[in-house]
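**Q** So that you have it, the file is input-v1.txt, and it contains compact mmCIF, C-alpha atoms:
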```
# COMPACT_ATOMS: atom_id res chain seq x y z
CA MET A 1 -65.24 27.01 -37.50
CA GLN A 2 -67.60 29.13 -35.42
CA ASN A 3 -65.69 28.83 -32.14
CA SER A 4 -63.79 31.65 -30.52
CA ALA A 5 -60.41 31.14 -28.84
CA LEU A 6 -62.21 31.35 -25.46
CA ASP A 7 -64.55 28.51 -26.47
CA ILE A 8 -61.56 26.35 -27.32
CA TRP A 9 -59.74 27.14 -24.08
CA ILE A 10 -62.83 26.44 -21.95
CA SER A 11 -63.57 23.15 -23.71
CA GLY A 12 -59.96 22.01 -23.48
CA ALA A 13 -59.55 23.02 -19.81
CA VAL A 14 -62.72 21.24 -18.62
CA ALA A 15 -61.76 18.11 -20.56
CA VAL A 16 -58.15 17.95 -19.37
CA VAL A 17 -58.93 18.47 -15.66
CA THR A 18 -61.57 15.74 -15.74
CA VAL A 19 -59.28 13.29 -17.50
CA ASP A 20 -56.31 14.07 -15.25
CA PHE A 21 -58.21 13.02 -12.15
CA LEU A 22 -59.85 9.97 -13.74
CA VAL A 23 -56.81 8.33 -15.33
CA TYR A 24 -53.92 9.69 -13.25
CA PRO A 25 -53.49 6.41 -11.29
CA PHE A 26 -52.84 4.55 -14.56
CA ASP A 27 -50.17 7.08 -15.48
CA THR A 28 -48.53 6.60 -12.07
CA LEU A 29 -48.45 2.82 -12.55
CA LYS A 30 -46.96 3.27 -16.03
CA THR A 31 -44.20 5.52 -14.67
CA ARG A 32 -43.32 3.04 -11.90
CA ILE A 33 -43.24 0.11 -14.32
CA GLN A 34 -40.98 2.07 -16.68
CA SER A 35 -38.60 3.23 -13.92
CA PRO A 36 -35.09 1.70 -14.02
CA ASN A 37 -35.55 0.32 -10.50
CA TYR A 38 -38.90 -1.37 -11.06
CA SER A 39 -37.61 -4.92 -10.50
CA THR A 40 -35.85 -4.03 -7.22
CA ILE A 41 -38.33 -1.58 -5.69
CA TYR A 42 -41.73 -2.87 -6.76
CA LYS A 43 -41.00 -6.60 -6.96
CA ASP A 44 -39.85 -9.12 -4.36
CA VAL A 45 -36.38 -10.29 -5.35
CA ALA A 46 -36.85 -13.75 -3.82
CA THR A 47 -40.29 -14.60 -5.23
CA ASN A 48 -40.34 -12.19 -8.23
CA ARG A 49 -43.86 -11.19 -7.20
CA ILE A 50 -45.13 -7.62 -7.34
CA LYS A 51 -45.18 -5.77 -4.01
CA LYS A 52 -48.78 -4.57 -4.28
CA ASN A 53 -48.57 -2.51 -1.10
CA VAL A 54 -45.70 -0.55 -2.67
CA LEU A 55 -46.73 -0.42 -6.33
CA PHE A 56 -50.29 0.71 -5.65
CA ARG A 57 -49.58 3.16 -2.82
CA GLY A 58 -50.03 6.91 -3.42
CA LEU A 59 -51.36 6.68 -6.97
CA TYR A 60 -52.28 10.38 -6.96
CA GLN A 61 -48.85 11.65 -5.96
CA GLY A 62 -47.88 14.69 -8.02
CA VAL A 63 -51.36 15.31 -9.46
CA VAL A 64 -51.37 18.96 -8.33
CA SER A 65 -48.51 19.96 -10.62
CA VAL A 66 -50.17 18.26 -13.57
CA VAL A 67 -53.55 19.94 -13.12
CA LEU A 68 -51.96 23.38 -12.78
CA SER A 69 -49.90 22.96 -15.95
CA THR A 70 -52.18 21.00 -18.27
CA ILE A 71 -54.94 23.62 -18.23
CA PRO A 72 -52.83 26.29 -20.00
CA ALA A 73 -50.96 23.63 -22.00
CA SER A 74 -54.19 22.10 -23.28
CA GLY A 75 -55.56 25.49 -24.20
CA ALA A 76 -52.33 26.39 -25.96
CA PHE A 77 -52.35 23.12 -27.89
CA PHE A 78 -55.92 23.32 -29.13
CA THR A 79 -55.74 27.03 -29.90
CA THR A 80 -52.60 26.48 -31.97
CA TYR A 81 -54.01 23.32 -33.57
CA GLU A 82 -57.35 24.84 -34.57
CA THR A 83 -55.72 28.10 -35.74
CA CYS A 84 -53.11 26.34 -37.91
CA LYS A 85 -55.67 23.97 -39.40
CA SER A 86 -58.09 26.81 -40.13
CA THR A 87 -55.34 29.03 -41.59
CA ILE A 88 -53.99 26.36 -43.95
CA THR A 89 -57.48 25.33 -45.05
CA SER A 90 -58.48 28.94 -45.72
CA ALA A 91 -55.26 29.52 -47.65
CA GLN A 92 -56.02 26.49 -49.82
CA GLN A 93 -59.47 27.84 -50.65
CA SER A 94 -58.30 31.35 -51.49
CA THR A 95 -55.13 30.64 -53.46
CA THR A 96 -54.29 29.29 -56.88
CA SER A 97 -50.94 27.89 -55.71
CA PRO A 98 -50.65 24.25 -56.81
CA PHE A 99 -48.42 23.52 -53.80
CA LEU A 100 -50.96 24.63 -51.19
CA GLN A 101 -53.86 23.01 -53.00
CA SER A 102 -52.00 19.72 -53.18
CA ILE A 103 -51.59 19.39 -49.39
CA PRO A 104 -53.89 16.53 -48.27
CA ALA A 105 -56.09 16.78 -45.17
CA PRO A 106 -54.04 14.23 -43.15
CA ALA A 107 -50.89 16.31 -43.72
CA ILE A 108 -52.69 19.48 -42.59
CA ASN A 109 -53.86 17.72 -39.42
CA ALA A 110 -50.36 16.37 -38.77
CA LEU A 111 -48.70 19.78 -39.28
CA SER A 112 -51.28 21.56 -37.13
CA SER A 113 -51.06 19.05 -34.27
CA SER A 114 -47.24 19.15 -34.40
CA ALA A 115 -47.26 22.94 -34.10
CA GLY A 116 -49.63 22.65 -31.16
CA GLU A 117 -47.36 20.13 -29.43
CA MET A 118 -44.26 22.29 -29.80
CA VAL A 119 -46.03 25.08 -27.93
CA SER A 120 -47.70 22.81 -25.40
CA CYS A 121 -44.52 20.92 -24.47
CA LEU A 122 -42.82 24.13 -23.34
CA LEU A 123 -45.47 24.41 -20.63
CA LEU A 124 -45.74 20.69 -19.90
CA THR A 125 -42.12 19.65 -19.46
CA PRO A 126 -41.53 21.07 -15.94
CA ALA A 127 -44.81 19.54 -14.73
CA GLU A 128 -43.92 16.19 -16.30
CA VAL A 129 -40.53 16.18 -14.56
CA ILE A 130 -42.11 17.05 -11.20
CA LYS A 131 -44.95 14.58 -11.70
CA GLN A 132 -42.82 11.59 -12.65
CA ASN A 133 -40.39 12.12 -9.79
CA ALA A 134 -43.28 12.60 -7.36
CA GLN A 135 -44.92 9.39 -8.57
CA VAL A 136 -42.03 7.29 -7.26
CA ILE A 137 -40.70 9.36 -4.36
CA ASN A 138 -42.35 7.67 -1.34
CA ASN A 139 -43.13 4.22 -2.63
CA ALA A 140 -39.46 3.44 -3.05
CA ASN A 141 -39.12 3.45 0.74
CA PRO A 142 -42.31 2.36 2.54
CA SER A 143 -40.63 2.67 5.93
CA SER A 144 -39.85 6.32 5.36
CA SER A 145 -40.63 8.68 8.22
CA ASN A 146 -42.57 10.85 5.79
CA THR A 147 -45.59 8.55 5.91
CA GLN A 148 -47.92 11.47 6.57
CA GLU A 149 -47.32 12.50 2.95
CA GLN A 150 -49.11 9.38 1.80
CA GLY A 151 -52.32 10.42 3.46
CA ARG A 152 -54.69 13.23 2.69
CA GLY A 153 -52.89 16.16 1.11
CA GLY A 154 -49.84 13.98 0.40
CA SER A 155 -49.61 15.00 -3.24
CA ARG A 156 -48.90 18.58 -2.29
CA SER A 157 -46.07 17.77 0.16
CA VAL A 158 -44.54 15.23 -2.23
CA THR A 159 -44.57 17.85 -4.99
CA LEU A 160 -42.79 20.31 -2.70
CA GLN A 161 -40.16 17.68 -1.92
CA VAL A 162 -39.45 17.24 -5.61
CA LEU A 163 -39.34 20.99 -6.20
CA SER A 164 -36.74 21.35 -3.45
CA ARG A 165 -34.36 19.17 -5.48
CA PHE A 166 -34.39 21.72 -8.28
CA ARG A 167 -33.77 24.79 -6.11
CA GLN A 168 -30.12 25.02 -7.12
CA HIS A 169 -30.67 24.02 -10.76
CA PRO A 170 -34.18 25.09 -11.84
CA TRP A 171 -33.32 24.75 -15.53
CA LYS A 172 -33.24 20.97 -15.02
CA LEU A 173 -37.03 21.12 -14.85
CA TRP A 174 -36.85 21.21 -18.65
CA SER A 175 -34.80 17.98 -18.78
CA GLY A 176 -36.45 15.61 -21.15
CA TYR A 177 -38.07 18.33 -23.29
CA SER A 178 -36.51 16.81 -26.39
CA ALA A 179 -37.81 13.37 -25.39
CA LEU A 180 -41.27 14.76 -24.64
CA VAL A 181 -41.37 16.47 -28.02
CA GLY A 182 -39.88 13.35 -29.59
CA ARG A 183 -42.75 11.33 -28.16
CA ASN A 184 -45.60 13.79 -28.62
CA LEU A 185 -44.80 14.90 -32.18
CA PRO A 186 -45.03 11.42 -33.71
CA PHE A 187 -47.91 10.58 -31.38
CA THR A 188 -50.00 13.54 -32.49
CA GLY A 189 -48.73 13.21 -36.06
CA ILE A 190 -50.08 9.66 -36.13
CA ASN A 191 -53.06 10.15 -33.85
CA PHE A 192 -54.78 13.23 -35.25
CA PRO A 193 -54.89 12.25 -38.94
CA ILE A 194 -56.36 8.87 -37.95
CA PHE A 195 -58.66 10.52 -35.43
CA GLU A 196 -59.96 13.12 -37.88
CA ALA A 197 -60.47 10.49 -40.61
CA VAL A 198 -62.32 8.04 -38.35
CA LYS A 199 -64.38 10.80 -36.73
CA GLY A 200 -65.26 12.29 -40.11
CA TRP A 201 -66.37 8.90 -41.43
CA LEU A 202 -68.46 8.16 -38.32
CA VAL A 203 -70.09 11.60 -38.27
CA GLU A 204 -70.88 11.55 -42.00
CA ARG A 205 -72.31 8.03 -41.73
CA ARG A 206 -74.46 9.05 -38.77
CA HIS A 207 -75.67 12.14 -40.58
CA ARG A 208 -76.78 10.08 -43.55
CA GLN A 209 -78.57 7.58 -41.33
CA GLN A 210 -80.42 10.18 -39.24
CA GLY A 211 -80.87 12.90 -41.85
CA TYR A 212 -79.31 15.61 -39.71
CA THR A 213 -79.25 19.16 -41.07
CA GLY A 214 -77.40 22.33 -40.10
CA VAL A 215 -78.27 24.32 -37.01
CA ASN A 216 -80.04 27.08 -38.95
CA ASN A 217 -80.89 25.19 -42.16
CA GLN A 218 -84.21 23.56 -42.86
CA SER A 219 -84.23 20.13 -44.47
CA LYS A 220 -85.69 20.10 -47.96
CA THR A 221 -87.62 16.93 -47.19
CA GLY A 222 -88.95 17.76 -43.75
CA PRO A 223 -88.40 19.67 -40.51
CA GLU A 224 -84.94 20.47 -39.24
CA VAL A 225 -83.21 17.60 -37.42
CA GLN A 226 -80.19 18.73 -35.41
CA GLU A 227 -77.35 16.48 -34.34
CA PRO A 228 -77.40 16.05 -30.52
CA VAL A 229 -74.25 17.12 -28.70
CA TYR A 230 -73.98 13.78 -26.88
CA GLU A 231 -73.90 11.88 -30.20
CA ARG A 232 -71.02 13.96 -31.48
CA ALA A 233 -69.18 13.38 -28.18
CA VAL A 234 -69.68 9.60 -28.35
CA LEU A 235 -68.52 9.37 -31.98
CA THR A 236 -65.49 11.49 -31.11
CA GLY A 237 -64.68 9.19 -28.18
CA ILE A 238 -64.80 6.10 -30.39
CA ALA A 239 -62.52 7.69 -32.98
CA ALA A 240 -60.09 8.85 -30.27
CA SER A 241 -59.82 5.41 -28.68
CA VAL A 242 -58.98 3.83 -32.05
CA SER A 243 -56.39 6.44 -33.05
CA GLY A 244 -54.91 6.67 -29.55
CA SER A 245 -54.36 2.92 -29.28
CA ILE A 246 -52.49 2.81 -32.58
CA ALA A 247 -50.36 5.86 -31.79
CA SER A 248 -49.50 4.71 -28.26
CA VAL A 249 -48.16 1.34 -29.42
CA ILE A 250 -45.85 2.99 -31.95
CA THR A 251 -44.53 5.64 -29.53
CA THR A 252 -44.02 3.49 -26.41
CA PRO A 253 -40.20 3.23 -26.81
CA ILE A 254 -39.72 7.02 -26.82
CA ASP A 255 -42.12 7.24 -23.85
CA VAL A 256 -39.84 4.89 -21.90
CA VAL A 257 -36.82 7.04 -22.82
CA LYS A 258 -38.69 10.17 -21.69
CA THR A 259 -39.53 8.58 -18.34
CA ARG A 260 -35.91 7.56 -17.72
CA MET A 261 -34.57 11.02 -18.59
CA MET A 262 -37.07 12.80 -16.36
CA LEU A 263 -36.53 10.48 -13.40
CA ALA A 264 -32.78 11.05 -13.71
CA ALA A 265 -33.21 14.83 -13.79
CA SER A 266 -33.76 15.36 -10.07
CA GLY A 267 -30.86 13.20 -8.88
CA GLY A 268 -32.73 12.53 -5.66
CA ASP A 269 -32.28 9.26 -3.78
CA SER A 270 -35.95 8.71 -2.92
CA ALA A 271 -36.80 7.76 -6.44
CA ALA A 272 -34.27 4.97 -6.44
CA GLY A 273 -34.86 3.35 -3.12
CA GLY A 274 -31.90 4.89 -1.35
CA LYS A 275 -29.58 4.87 -4.36
CA ASP A 276 -28.76 7.70 -6.72
CA VAL A 277 -30.77 7.77 -9.90
CA PRO A 278 -28.46 6.84 -12.79
CA LYS A 279 -27.24 9.97 -14.52
CA GLU A 280 -27.88 8.90 -18.11
CA GLN A 281 -25.94 11.39 -20.13
CA GLY A 282 -26.27 12.19 -23.79
CA SER A 283 -29.08 12.45 -26.28
CA VAL A 284 -32.45 10.78 -26.51
CA TRP A 285 -30.84 8.34 -28.92
CA GLY A 286 -28.08 7.58 -26.40
CA VAL A 287 -30.55 6.82 -23.61
CA GLY A 288 -32.56 4.63 -25.95
CA LYS A 289 -29.46 2.65 -26.95
CA LYS A 290 -28.57 2.15 -23.28
CA ILE A 291 -32.04 0.77 -22.51
CA PHE A 292 -31.85 -1.54 -25.52
CA ARG A 293 -28.35 -2.72 -24.57
CA ASP A 294 -29.28 -3.40 -20.92
CA GLU A 295 -32.86 -4.62 -21.26
CA GLY A 296 -33.43 -5.46 -24.91
CA VAL A 297 -36.58 -4.76 -26.93
CA LYS A 298 -38.72 -5.71 -23.93
CA GLY A 299 -37.22 -2.79 -22.00
CA LEU A 300 -38.20 -0.30 -24.72
CA PHE A 301 -41.80 -1.50 -24.56
CA ARG A 302 -42.04 -1.71 -20.78
CA GLY A 303 -45.43 -0.51 -19.58
CA GLY A 304 -46.74 -0.61 -23.14
CA ALA A 305 -49.90 -2.59 -22.36
CA ILE A 306 -51.06 -0.32 -19.56
CA ARG A 307 -50.13 2.71 -21.67
CA VAL A 308 -52.33 1.54 -24.55
CA VAL A 309 -55.32 1.04 -22.23
CA TRP A 310 -54.66 4.28 -20.39
CA THR A 311 -54.24 6.25 -23.62
CA ALA A 312 -57.35 4.78 -25.24
CA VAL A 313 -59.49 5.58 -22.20
CA SER A 314 -58.01 9.01 -21.46
CA LEU A 315 -57.95 10.21 -25.06
CA SER A 316 -61.49 8.96 -25.61
CA ILE A 317 -62.79 10.88 -22.59
CA TYR A 318 -60.58 13.89 -23.28
CA LEU A 319 -61.42 14.44 -26.94
CA SER A 320 -65.09 13.50 -26.55
CA MET A 321 -65.48 16.09 -23.78
CA TYR A 322 -63.51 18.65 -25.76
CA GLU A 323 -65.46 18.04 -28.96
CA GLY A 324 -68.77 17.92 -27.10
CA GLY A 325 -68.06 21.21 -25.34
CA ARG A 326 -66.78 22.88 -28.50
CA PHE A 327 -69.72 21.58 -30.52
CA TYR A 328 -72.21 22.81 -27.91
CA LEU A 329 -70.66 26.28 -27.83
CA GLU A 330 -70.57 26.35 -31.64
CA LYS A 331 -74.27 25.43 -31.90
CA ARG A 332 -75.16 28.05 -29.31
CA ARG A 333 -73.15 30.69 -31.17
CA LYS A 334 -74.86 29.83 -34.47
CA ARG A 335 -78.27 29.83 -32.86
CA LYS A 336 -77.71 33.28 -31.36
CA ALA A 337 -76.42 34.55 -34.71
CA GLY A 338 -79.57 33.19 -36.38
CA GLU A 339 -81.86 34.84 -33.84
CA SER A 340 -80.12 38.22 -34.15
CA SER A 341 -80.37 38.15 -37.94
```
Please rewrite the model in this file as structure tokens.
**A**
Amino acid sequence: MQNSALDIWISGAVAVVTVDFLVYPFDTLKTRIQSPNYSTIYKDVATNRIKKNVLFRGLYQGVVSVVLSTIPASGAFFTTYETCKSTITSAQQSTTSPFLQSIPAPAINALSSSAGEMVSCLLLTPAEVIKQNAQVINNANPSSSNTQEQGRGGSRSVTLQVLSRFRQHPWKLWSGYSALVGRNLPFTGINFPIFEAVKGWLVERRHRQQGYTGVNNQSKTGPEVQEPVYERAVLTGIAASVSGSIASVITTPIDVVKTRMMLAASGGDSAAGGKDVPKEQGSVWGVGKKIFRDEGVKGLFRGGAIRVVWTAVSLSIYLSMYEGGRFYLEKRRKRKAGESS
């Protein structure tokens, strides 16, 4: 690894801001579909048809809080992930311990990504709570007098409305942390080993086909042929879409639980169409059992289809941009090192 911590932070920040703006509407739709009041707020009770003017209104509500939080959270995740992976790999190479040497690459990737998520979720949870409450705040009541919030600059005023609910109890902004970790740990634990394996296979296959060599190494059979940055980004995107789709299907039930817990955190009436949000008490397991009891298996997988598409697209763009940026900075660093030597 030739990247500095700054390289990793820059690559992660650029990628996450771009993805946030591109796929945020899909995340808003997912949240509304998973909300406990979806059938009464976003569907016509008489005809059972979706109220498109309500469901698709204000799809960027709450985006400000997400952008401000995901930049440091993304940097924290990738810095922790790359550092843990590099540390464990280096320890394996420099030790004679049978235990360390026996740890397989997928386990290293899973451990490293889990450590990254534990750090990242501390920064993400308040933004997730604000975001998910903001995503449903106005659409529950289309006749609300606050219609100016749905126009330009609406996301900011909606975010402030949600924040005002937590003035007396700011610690509730961390409601759902356990559910967020409970979702993200298995997601990254499943996603990154698959992602690294698929990416490694694709990159190695491409290298063999094209005869790519190192940045500063000359090929023994001809002139140096460097791997283009855009190719690495594309291969990374393909691997991310495959791994993300698999991981998102498996973790959809805990994502539904997370959404319910975070929507219940504010206790505001706007999110429930004039009714109090149900105060689902207890653990993640308790909330999950309540959803299963009231709505069955279908309730635990609500919004699963849109989540798979959204995850595949967002993760593909996110990791391809991150890997492309990191790879570019790594090549530039190696090139400069070669020139100075």
**Q** State, in Å with one decimal place, the distance from CA of Leu55 (chain A) to CA of Asp294 (chain A).
**A**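 Straight-line distance from CA of Leu55 (chain A) to CA of Asp294 (chain A) works out to 22.9 Å.
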**Q** Just how far from CA of Ser112 (chain A) is CA of Thr95 (chain A), in Å to one decimal?
**A**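 Between CA of Thr95 (chain A) and CA of Ser112 (chain A) the gap works out to 19.1 Å.
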**Q** Can you list, as JSON, numbers by chain, every protein, DNA or RNA residue that comes within 9 Å of region 170-178 of chain A when you count all atoms listed in the file, leaving out same-chain residues fewer than 4 positions away?
**A** {"A": [121, 122, 124, 125, 126, 127, 128, 129, 130, 163, 165, 166, 182, 183, 257, 258, 259, 260, 261, 262, 264, 265, 266, 283, 284]}
**Q** Would you output that residue set with C-alpha atoms, as a JSON list (two decimals), in the frame of the given file?
**A**
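Ended up saving to again_37.json:
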```json
[["chain", "number", "residue", "atom", "x", "y", "z"],
["A", 121, "CYS", "CA", -44.52, 20.92, -24.47],
["A", 122, "LEU", "CA", -42.82, 24.13, -23.34],
["A", 124, "LEU", "CA", -45.74, 20.69, -19.90],
["A", 125, "THR", "CA", -42.12, 19.65, -19.46],
["A", 126, "PRO", "CA", -41.53, 21.07, -15.94],
["A", 127, "ALA", "CA", -44.81, 19.54, -14.73],
["A", 128, "GLU", "CA", -43.92, 16.19, -16.30],
["A", 129, "VAL", "CA", -40.53, 16.18, -14.56],
["A", 130, "ILE", "CA", -42.11, 17.05, -11.20],
["A", 163, "LEU", "CA", -39.34, 20.99, -6.20],
["A", 165, "ARG", "CA", -34.36, 19.17, -5.48],
["A", 166, "PHE", "CA", -34.39, 21.72, -8.28],
["A", 182, "GLY", "CA", -39.88, 13.35, -29.59],
["A", 183, "ARG", "CA", -42.75, 11.33, -28.16],
["A", 257, "VAL", "CA", -36.82, 7.04, -22.82],
["A", 258, "LYS", "CA", -38.69, 10.17, -21.69],
["A", 259, "THR", "CA", -39.53, 8.58, -18.34],
["A", 260, "ARG", "CA", -35.91, 7.56, -17.72],
["A", 261, "MET", "CA", -34.57, 11.02, -18.59],
["A", 262, "MET", "CA", -37.07, 12.80, -16.36],
["A", 264, "ALA", "CA", -32.78, 11.05, -13.71],
["A", 265, "ALA", "CA", -33.21, 14.83, -13.79],
["A", 266, "SER", "CA", -33.76, 15.36, -10.07],
["A", 283, "SER", "CA", -29.08, 12.45, -26.28],
["A", 284, "VAL", "CA", -32.45, 10.78, -26.51]]
```
**Q** Nearest to Ile103 (chain A) among A:Arg232, A:Lys85, A:Gln210, A:Ala115, with distances taken over all atoms listed in the file: which residue is it?
**A**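 Residue with the minimum atom-to-atom distance to Ile103 (chain A): A:Lys85.
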**Q** Within 10 Å of (-36.8, 5.6, -29.2) in the file's own coordinates, which protein, DNA or RNA residues have an atom, counting all atoms listed in the file? List them as a PyMOL selection string.
**A** chain A and resi 179+182-183+250-258+284-289+291-292+300-301
**Q** Export C-alpha atoms of the chosen residues as an mmCIF file, in the coordinates of the input?
**A**
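Below is the file that was written, again_17.cif:
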```cif
data_model
loop_
_atom_site.group_PDB
_atom_site.id
_atom_site.type_symbol
_atom_site.label_atom_id
_atom_site.label_comp_id
_atom_site.auth_asym_id
_atom_site.auth_seq_id
_atom_site.Cartn_x
_atom_site.Cartn_y
_atom_site.Cartn_z
ATOM 1 C CA ALA A 179 -37.810 13.370 -25.390
ATOM 2 C CA GLY A 182 -39.880 13.350 -29.590
ATOM 3 C CA ARG A 183 -42.750 11.330 -28.160
ATOM 4 C CA ILE A 250 -45.850 2.990 -31.950
ATOM 5 C CA THR A 251 -44.530 5.640 -29.530
ATOM 6 C CA THR A 252 -44.020 3.490 -26.410
ATOM 7 C CA PRO A 253 -40.200 3.230 -26.810
ATOM 8 C CA ILE A 254 -39.720 7.020 -26.820
ATOM 9 C CA ASP A 255 -42.120 7.240 -23.850
ATOM 10 C CA VAL A 256 -39.840 4.890 -21.900
ATOM 11 C CA VAL A 257 -36.820 7.040 -22.820
ATOM 12 C CA LYS A 258 -38.690 10.170 -21.690
ATOM 13 C CA VAL A 284 -32.450 10.780 -26.510
ATOM 14 C CA TRP A 285 -30.840 8.340 -28.920
ATOM 15 C CA GLY A 286 -28.080 7.580 -26.400
ATOM 16 C CA VAL A 287 -30.550 6.820 -23.610
ATOM 17 C CA GLY A 288 -32.560 4.630 -25.950
ATOM 18 C CA LYS A 289 -29.460 2.650 -26.950
ATOM 19 C CA ILE A 291 -32.040 0.770 -22.510
ATOM 20 C CA PHE A 292 -31.850 -1.540 -25.520
ATOM 21 C CA LEU A 300 -38.200 -0.300 -24.720
ATOM 22 C CA PHE A 301 -41.800 -1.500 -24.560
#
```
**Q** Using CA of Tyr318 (chain A) and CA of Ala76 (chain A) as the two end points, give the distance in Å to one decimal.
**A** 15.2 Å
**Q** Using all atoms listed in the file, pick whichever of A:Ser35, A:Val16, A:Val229, A:Lys199 has the shortest atom-to-atom distance to Leu68 (chain A).
**A**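 Between A:Ser35, A:Val16, A:Val229, A:Lys199, the residue approaching Leu68 (chain A) most closely is A:Val16.
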**Q** Could you check the closest approach to Thr40 (chain A) for each of A:Val67, A:Val297, A:Leu315, A:Val54 and tell me which residue wins, using only C-alpha atoms?
**A**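 Between A:Val67, A:Val297, A:Leu315, A:Val54, the residue approaching Thr40 (chain A) most closely is A:Val54.
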**Q** Just give me the residues with any atom within 10 Å of (-48.9, 4.6, -33.3), file coordinates, counting only C-alpha atoms, written as a list of chain:residue names.
**A**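 Output: A:Pro186, A:Phe187, A:Thr188, A:Gly189, A:Ile190, A:Asn191, A:Ile194, A:Ser243, A:Gly244, A:Ser245, A:Ile246, A:Ala247, A:Ser248, A:Val249, A:Ile250, A:Thr251, A:Thr252, A:Val308.
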**Q** Would you mind telling me which residue in A:Ala239, A:Val17, A:Leu22, A:Val66 lies nearest to Ala197 (chain A) when using only C-alpha atoms?
**A**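 Distance minimum relative to Ala197 (chain A) lands on A:Ala239.
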**Q** Would you pick out the contacts of Gly200 (chain A) at 12 Å or less, using only C-alpha atoms, so that residues sharing its chain but fewer than 6 positions from it are not included, and give the list as JSON, numbers by chain?
**A** {"A": [105, 106, 192, 193, 194, 206, 207, 232, 235, 236, 238, 239, 240]}
**Q** The selected residues should be written to file as a PDB file, in the coordinates of the input (atoms: C-alpha atoms).
**A**
```
ATOM      1  CA  ALA A 105     -56.090  16.780 -45.170  1.00  0.00           C
ATOM      2  CA  PRO A 106     -54.040  14.230 -43.150  1.00  0.00           C
ATOM      3  CA  PHE A 192     -54.780  13.230 -35.250  1.00  0.00           C
ATOM      4  CA  PRO A 193     -54.890  12.250 -38.940  1.00  0.00           C
ATOM      5  CA  ILE A 194     -56.360   8.870 -37.950  1.00  0.00           C
ATOM      6  CA  ARG A 206     -74.460   9.050 -38.770  1.00  0.00           C
ATOM      7  CA  HIS A 207     -75.670  12.140 -40.580  1.00  0.00           C
ATOM      8  CA  ARG A 232     -71.020  13.960 -31.480  1.00  0.00           C
ATOM      9  CA  LEU A 235     -68.520   9.370 -31.980  1.00  0.00           C
ATOM     10  CA  THR A 236     -65.490  11.490 -31.110  1.00  0.00           C
ATOM     11  CA  ILE A 238     -64.800   6.100 -30.390  1.00  0.00           C
ATOM     12  CA  ALA A 239     -62.520   7.690 -32.980  1.00  0.00           C
ATOM     13  CA  ALA A 240     -60.090   8.850 -30.270  1.00  0.00           C
TER      14      ALA A 240
END
```
**Q** Which residues are close to Gln209 (chain A), i.e. within 12 Å by all atoms listed in the file, leaving aside same-chain residues fewer than 5 positions away? Reply as number ranges by chain.
**A** A: 202-204, 225, 227
**Q** Compare A:Gln93, A:Ser102, A:Ile88, A:Tyr322 by their minimum atom-to-atom distance to Val19 (chain A), counting only C-alpha atoms, and give me the closest one.
**A**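 Answer, going by the shortest atom-to-atom distance: A:Tyr322.
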**Q** Nearest to Phe21 (chain A): which of A:Tyr60, A:Trp9, A:Phe99, A:Tyr38 is it, counting all atoms listed in the file?
**A**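 Using all atoms listed in the file, the shortest distance to Phe21 (chain A) belongs to A:Tyr60.
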